[in-house]
Amino acid sequence: MRMRGRVGLIGAAIGAALTAPVAVWAWPDKDEQEAGTVRTDLRERDPQATPAARRVYAMLAGLENDARHGRPSRTVIGQHVELHNERYNPGYGDYRGPKQPGYYYRKARDITGRLPGFVELDLGPGYGRPGWAVGESRSYSRSWPSCRPLWGYVDDAVDLALGVWTGLPRPADGSYHPSGTHADCASGGEVSLPHNGGGPAGIVGFSFHQPYPGSPVKGFPQTLHRNSPGARDPGWFARVVTPGSTEHRALLHDLDFLTDHLGYLADRGVPVLLRPYHEMNTRSGHGFWWAGRDPAWYRQLWRLTYDHLVRRRGLHNLIFVWAPNSWDGSYGHRPDPYYPGHGYVDVVGVDDYSDTPSEPFGPGAWTEVWYRGLEQYRKPRIIAESFHVPLNAAQPDTLTRTPWVLWTVWGQALTYDNVSSPRGKNTGADVKRTYWSSKVISGSDWARSVISQQ
């Protein structure tokens with residue numbers, strides 16, 4: 001279907017929320033507090049939060065409060081996009097061969113005629129090459145790393161995030177490549193990001209699959225605990241979170257890389273849902289290098305990361321998302337000891353990788369354990385990663401029982417046929433059922449334009 005202006009209009013109630021002044025989302029009265037109402041002003045956490053970040057957070061918190069008080073609520077449908085795999089892994093996804101960045105962002109529209117309302121990208125993990133540069137937010141020059149082989153995806157990620165928020169193509173505005181097309185300076189090949197009608201089309205987020213601090217090569221294997229120094233040295237993680245140590249300085253170097261690129265988006269007024277150090281509650285020895293550690297050390301890692309990004313580097317466009325793994329008693333355990341604290345978290349979520357929508361709790365109860373388990377934090381609740389769309393043939397009532405604020409499908413799992421792995425989970429019918437549901441918010445030029453102009 002050809003793109004024509006609006007993509008997936010949201011209802012009048014949501015539109016009214018977006019157009020209203022930020023002050024409308026006031027802290028509730030005593031009765032509502034006792035009912036568990038979520039705070040809606042981001043300045044409670046960051047007094048210098050940007051107006052755009054405040055507006056996005058107020059929308060998410062408003063949806064959460066609607067759900068908590070039994071009012072009609074909706075769920076923003078999201079898509080995680082793995083640009084490093086799309087660009088460099090020919091076996092990734094539903095056909096063999098290199099793909100243009102944003103392939104699975106575009107795929108949602110190819111299937112449904114609508115774009116996701118949320119897109120999450122990743123500034124890690126790298127693609128098996130030596131480490132990143134720090135000190136310049138963007139280069140597009142012959143300098144390191146964006147013009148070295150297999151590093152251009154980082155620039156693409158920032159460009160796509162800007163394009164989702166402000167539109168592609170767009171008039172020349174001083175940003176990089178407003179047409180969405182440029183020549184990759186490492187390979188000379190043409191890179192073309194998906195157009196979305198030339199106007200804002202959604203909200204954006206970033207994860208950070210960070211290779212272990214000090215790793216000479218950046219890639220997914222270096223994110224895993226078993227390949228980190230912590231697998232052999234029990235004291236290593238403690239040194240990472242101890243100021244003055246060599247390991248801590250390496251951590252700050254990594255965070256400066258993250259901040260350089262997020263800073264470009266901050267300068268452009270783009271709010272970002274940032275989801276670092278996810279799935280921290282996996283069993284010791286499994287998962288990422290930050291997972292399964294002493295909870296006090298993990299909390300310290302989160303808080304010093306927050307302090308570095310917000311207080312030292314001055315990023316006030318961020319909405320912080322804390323997302324443990326589903327605590328099913330085998331791979332993941334209860335995440336409560338890892339919670340960094342209300343002053344460091346804005347949104348809580350879960351990465352749920354049940355093999356089928358009927359597992360592990362049977363038909364009708366899918367994701368409900370996690371939804372109820374996160375209620376205590378009194379934050380907007382999201383599915384941060386899932387292989388499945390929420391409304392599928394097996395579980396058509398998911399968003400009635402568990403009205404998550406946001407639901408993000410992981411990468412190549414959006415489509416059922418997958419040449420590289422069995423991780424393709426969703427039929428076209430399931431994706432259409434979700435994107436066309438009255439309970440779902442997909443991408444909307446009109447809604448994003450309202451937010452960005454306030």
# chains A, B, ... in the order shown; residues from 1 in each chain; ligands from 1
>>> select_by_dssp(residues="range 299-355 of chain A", states="helix (DSSP H, G or I)", output="number ranges by chain")
A: 299-312, 336-338, 342-344
>>> closest_atom_pairs(of="range 36-126 of chain A", to="range 264-276 of chain A", cutoff="8 Å", atoms="only C-alpha atoms", output="tab-separated table")
residue	atom	partner	partner_atom	distance
A:Thr50	CA	A:Pro271	CA	7.8
A:Ala52	CA	A:Pro271	CA	6.1
A:Ala53	CA	A:Pro271	CA	4.8
A:Val56	CA	A:Pro271	CA	7.6
>>> residues_around(residues="range 235-242 of chain A", least_positions_apart="6", cutoff="7 Å", atoms="only C-alpha atoms", output="MDAnalysis selection string")
chainID A and resid 229 248 251 297 300:301
>>> select_by_dssp(residues="range 64-143 of chain A", states="strand (DSSP E)", output="list in words")
Thr75, Val76, Ile77, Gly78, Gln79, His80, Phe118, Val119, Glu120, Leu121, Asp122, Arg129 and Pro130 of chain A
>>> closest_residue(among="A:Val119, A:Cys185, A:Val204, A:Val76", to="Gly152 in chain A", atoms="only C-alpha atoms")
A:Cys185
>>> closest_atom_pairs(of="range 283-394 of chain A", to="range 120-129 of chain A", cutoff="12 Å", atoms="only C-alpha atoms", output="CSV")
residue,atom,partner,partner_atom,distance
A:Phe288,CA,A:Pro125,CA,11.6
A:Val321,CA,A:Glu120,CA,11.8
A:Ala384,CA,A:Glu120,CA,9.4
A:Glu385,CA,A:Glu120,CA,9.9
>>> residues_around(residues="range 341-345 of chain A", least_positions_apart="6", cutoff="7 Å", atoms="only C-alpha atoms", output="list in words")
Arg45, Arg303, Tyr306, Phe320, Val321 and Trp322 of chain A
>>> residues_around(residues="Leu414 in chain A", least_positions_apart="6", cutoff="8 Å", atoms="only C-alpha atoms", output="NGL selection string")
:A and (104 or 108 or 387-389 or 424-426 or 431)
>>> write_last_selection(atoms="N, CA and C atoms", output="mmCIF file, in the first residue's frame")
data_model
loop_
_atom_site.group_PDB
_atom_site.id
_atom_site.type_symbol
_atom_site.label_atom_id
_atom_site.label_comp_id
_atom_site.auth_asym_id
_atom_site.auth_seq_id
_atom_site.Cartn_x
_atom_site.Cartn_y
_atom_site.Cartn_z
ATOM 1 N N TYR A 104 13.152 -4.251 8.511
ATOM 2 C CA TYR A 104 11.992 -4.723 9.267
ATOM 3 C C TYR A 104 11.108 -3.586 9.770
ATOM 4 N N ALA A 108 6.932 -3.995 8.298
ATOM 5 C CA ALA A 108 5.631 -3.842 8.960
ATOM 6 C C ALA A 108 4.637 -3.135 8.039
ATOM 7 N N PHE A 387 9.084 -12.325 20.646
ATOM 8 C CA PHE A 387 9.071 -12.876 19.299
ATOM 9 C C PHE A 387 7.702 -12.728 18.641
ATOM 10 N N HIS A 388 6.667 -12.407 19.440
ATOM 11 C CA HIS A 388 5.301 -12.468 18.933
ATOM 12 C C HIS A 388 4.629 -11.103 18.943
ATOM 13 N N VAL A 389 3.757 -10.860 17.977
ATOM 14 C CA VAL A 389 2.833 -9.734 18.082
ATOM 15 C C VAL A 389 1.808 -10.076 19.162
ATOM 16 N N GLY A 424 11.449 -16.638 13.162
ATOM 17 C CA GLY A 424 10.294 -15.991 12.577
ATOM 18 C C GLY A 424 9.042 -16.602 13.173
ATOM 19 N N LYS A 425 8.200 -15.810 13.802
ATOM 20 C CA LYS A 425 7.113 -16.344 14.607
ATOM 21 C C LYS A 425 5.720 -15.925 14.142
ATOM 22 N N ASN A 426 5.595 -14.888 13.347
ATOM 23 C CA ASN A 426 4.292 -14.275 13.128
ATOM 24 C C ASN A 426 3.828 -14.427 11.687
ATOM 25 N N VAL A 431 0.090 -10.328 12.140
ATOM 26 C CA VAL A 431 0.611 -8.959 12.126
ATOM 27 C C VAL A 431 -0.503 -7.984 11.739
#
>>> atom_distance(atom1="CA of Gln79 in chain A", atom2="CA of Lys218 in chain A")
24.0 Å
>>> closest_residue(among="A:Val350, A:Leu391, A:Leu115, A:Ala49", to="Arg372 in chain A", atoms="only C-alpha atoms")
A:Val350
>>> residues_around(residues="Leu309 in chain A", least_positions_apart="4", cutoff="8 Å", atoms="only C-alpha atoms", output="number ranges by chain")
A: 255, 259, 305, 313-315
>>> residues_around(residues="Gln412 in chain A", least_positions_apart="5", cutoff="8 Å", atoms="only C-alpha atoms", output="PyMOL selection string")
chain A and resi 92-94+104+418+423-424
>>> write_last_selection(atoms="N, CA and C atoms", output="compact mmCIF listing (two decimals), in the first residue's frame")
# COMPACT_ATOMS: atom_id res chain seq x y z
N TYR A 92 20.38 -13.24 7.44
CA TYR A 92 19.44 -12.72 8.43
C TYR A 92 18.09 -12.42 7.80
N GLY A 93 17.03 -12.84 8.46
CA GLY A 93 15.71 -12.43 8.02
C GLY A 93 15.05 -13.37 7.04
N ASP A 94 14.09 -12.87 6.30
CA ASP A 94 13.24 -13.72 5.49
C ASP A 94 13.67 -13.85 4.04
N TYR A 104 13.15 -4.25 8.51
CA TYR A 104 11.99 -4.72 9.27
C TYR A 104 11.11 -3.59 9.77
N ASN A 418 11.58 -17.64 7.75
CA ASN A 418 12.89 -17.10 8.11
C ASN A 418 13.97 -18.05 7.63
N ARG A 423 13.32 -18.31 14.24
CA ARG A 423 12.81 -17.23 15.09
C ARG A 423 11.73 -16.39 14.42
N GLY A 424 11.45 -16.64 13.16
CA GLY A 424 10.29 -15.99 12.58
C GLY A 424 9.04 -16.60 13.17
>>> atom_distance(atom1="CA of Val164 in chain A", atom2="CA of Ala183 in chain A")
20.3 Å
>>> closest_residue(among="A:Ser175, A:Thr223, A:Thr367, A:Ser386", to="Trp404 in chain A", atoms="only C-alpha atoms")
A:Thr367
>>> decode(residues="range 253-267 of chain A", atoms="all heavy atoms", output="tab-separated table (two decimals), in the first residue's frame")
chain	number	residue	atom	x	y	z
A	253	HIS	N	34.57	5.01	28.78
A	253	HIS	CA	34.86	5.17	27.36
A	253	HIS	C	33.69	4.66	26.52
A	253	HIS	O	33.26	5.32	25.57
A	253	HIS	CB	36.15	4.41	27.01
A	253	HIS	CG	36.57	4.56	25.58
A	253	HIS	ND1	37.23	5.67	25.10
A	253	HIS	CD2	36.43	3.74	24.51
A	253	HIS	CE1	37.49	5.52	23.82
A	253	HIS	NE2	37.00	4.35	23.43
A	254	ASP	N	33.17	3.49	26.89
A	254	ASP	CA	32.01	2.95	26.18
A	254	ASP	C	30.80	3.87	26.32
A	254	ASP	O	30.05	4.10	25.36
A	254	ASP	CB	31.65	1.58	26.73
A	254	ASP	CG	32.68	0.51	26.39
A	254	ASP	OD1	33.61	0.81	25.60
A	254	ASP	OD2	32.55	-0.61	26.90
A	255	LEU	N	30.60	4.40	27.53
A	255	LEU	CA	29.45	5.28	27.74
A	255	LEU	C	29.60	6.59	26.98
A	255	LEU	O	28.60	7.18	26.55
A	255	LEU	CB	29.27	5.54	29.24
A	255	LEU	CG	28.91	4.31	30.08
A	255	LEU	CD1	28.74	4.71	31.54
A	255	LEU	CD2	27.64	3.63	29.56
A	256	ASP	N	30.83	7.03	26.78
A	256	ASP	CA	31.03	8.23	25.96
A	256	ASP	C	30.67	7.96	24.50
A	256	ASP	O	30.15	8.84	23.82
A	256	ASP	CB	32.47	8.72	26.09
A	256	ASP	CG	32.72	9.53	27.34
A	256	ASP	OD1	31.75	10.13	27.86
A	256	ASP	OD2	33.87	9.57	27.81
A	257	PHE	N	30.96	6.77	24.01
A	257	PHE	CA	30.53	6.40	22.66
A	257	PHE	C	29.01	6.46	22.57
A	257	PHE	O	28.44	7.05	21.63
A	257	PHE	CB	31.02	5.00	22.32
A	257	PHE	CG	30.36	4.39	21.11
A	257	PHE	CD1	30.78	4.74	19.83
A	257	PHE	CD2	29.32	3.49	21.25
A	257	PHE	CE1	30.16	4.19	18.71
A	257	PHE	CE2	28.71	2.93	20.14
A	257	PHE	CZ	29.13	3.27	18.87
A	258	LEU	N	28.34	5.87	23.54
A	258	LEU	CA	26.87	5.91	23.56
A	258	LEU	C	26.37	7.35	23.61
A	258	LEU	O	25.47	7.74	22.84
A	258	LEU	CB	26.37	5.13	24.78
A	258	LEU	CG	24.88	5.13	25.06
A	258	LEU	CD1	24.12	4.38	23.97
A	258	LEU	CD2	24.60	4.50	26.43
A	259	THR	N	26.97	8.15	24.47
A	259	THR	CA	26.50	9.52	24.67
A	259	THR	C	26.76	10.39	23.45
A	259	THR	O	25.94	11.25	23.12
A	259	THR	CB	27.18	10.14	25.90
A	259	THR	OG1	27.05	9.25	27.00
A	259	THR	CG2	26.55	11.47	26.25
A	260	ASP	N	27.87	10.18	22.77
A	260	ASP	CA	28.15	10.97	21.57
A	260	ASP	C	27.00	10.87	20.57
A	260	ASP	O	26.58	11.87	19.98
A	260	ASP	CB	29.44	10.50	20.92
A	260	ASP	CG	30.69	10.96	21.66
A	260	ASP	OD1	30.56	11.85	22.52
A	260	ASP	OD2	31.77	10.43	21.37
A	261	HIS	N	26.51	9.65	20.35
A	261	HIS	CA	25.47	9.46	19.34
A	261	HIS	C	24.09	9.87	19.86
A	261	HIS	O	23.30	10.48	19.12
A	261	HIS	CB	25.48	8.01	18.86
A	261	HIS	CG	26.74	7.68	18.12
A	261	HIS	ND1	26.95	8.04	16.81
A	261	HIS	CD2	27.86	7.04	18.51
A	261	HIS	CE1	28.14	7.63	16.42
A	261	HIS	NE2	28.72	7.03	17.44
A	262	LEU	N	23.79	9.57	21.11
A	262	LEU	CA	22.53	10.05	21.67
A	262	LEU	C	22.52	11.57	21.76
A	262	LEU	O	21.47	12.21	21.66
A	262	LEU	CB	22.32	9.44	23.06
A	262	LEU	CG	22.10	7.92	23.12
A	262	LEU	CD1	21.94	7.48	24.57
A	262	LEU	CD2	20.91	7.50	22.28
A	263	GLY	N	23.71	12.16	21.93
A	263	GLY	CA	23.80	13.61	21.99
A	263	GLY	C	23.41	14.28	20.69
A	263	GLY	O	22.86	15.39	20.69
A	264	TYR	N	23.71	13.64	19.56
A	264	TYR	CA	23.27	14.17	18.27
A	264	TYR	C	21.75	14.25	18.23
A	264	TYR	O	21.17	15.24	17.77
A	264	TYR	CB	23.79	13.29	17.14
A	264	TYR	CG	23.33	13.71	15.76
A	264	TYR	CD1	23.99	14.71	15.06
A	264	TYR	CD2	22.22	13.12	15.17
A	264	TYR	CE1	23.57	15.11	13.80
A	264	TYR	CE2	21.78	13.51	13.91
A	264	TYR	CZ	22.46	14.50	13.23
A	264	TYR	OH	22.03	14.89	11.99
A	265	LEU	N	21.08	13.22	18.74
A	265	LEU	CA	19.62	13.24	18.77
A	265	LEU	C	19.11	14.27	19.77
A	265	LEU	O	18.10	14.93	19.52
A	265	LEU	CB	19.11	11.84	19.11
A	265	LEU	CG	19.42	10.77	18.06
A	265	LEU	CD1	19.04	9.39	18.57
A	265	LEU	CD2	18.70	11.06	16.75
A	266	ALA	N	19.81	14.42	20.89
A	266	ALA	CA	19.42	15.45	21.85
A	266	ALA	C	19.49	16.83	21.23
A	266	ALA	O	18.59	17.67	21.42
A	266	ALA	CB	20.30	15.38	23.09
A	267	ASP	N	20.53	17.08	20.47
A	267	ASP	CA	20.68	18.38	19.81
A	267	ASP	C	19.56	18.63	18.81
A	267	ASP	O	19.25	19.79	18.49
A	267	ASP	CB	22.03	18.46	19.10
A	267	ASP	CG	23.21	18.51	20.07
A	267	ASP	OD1	22.98	18.80	21.26
A	267	ASP	OD2	24.35	18.23	19.64
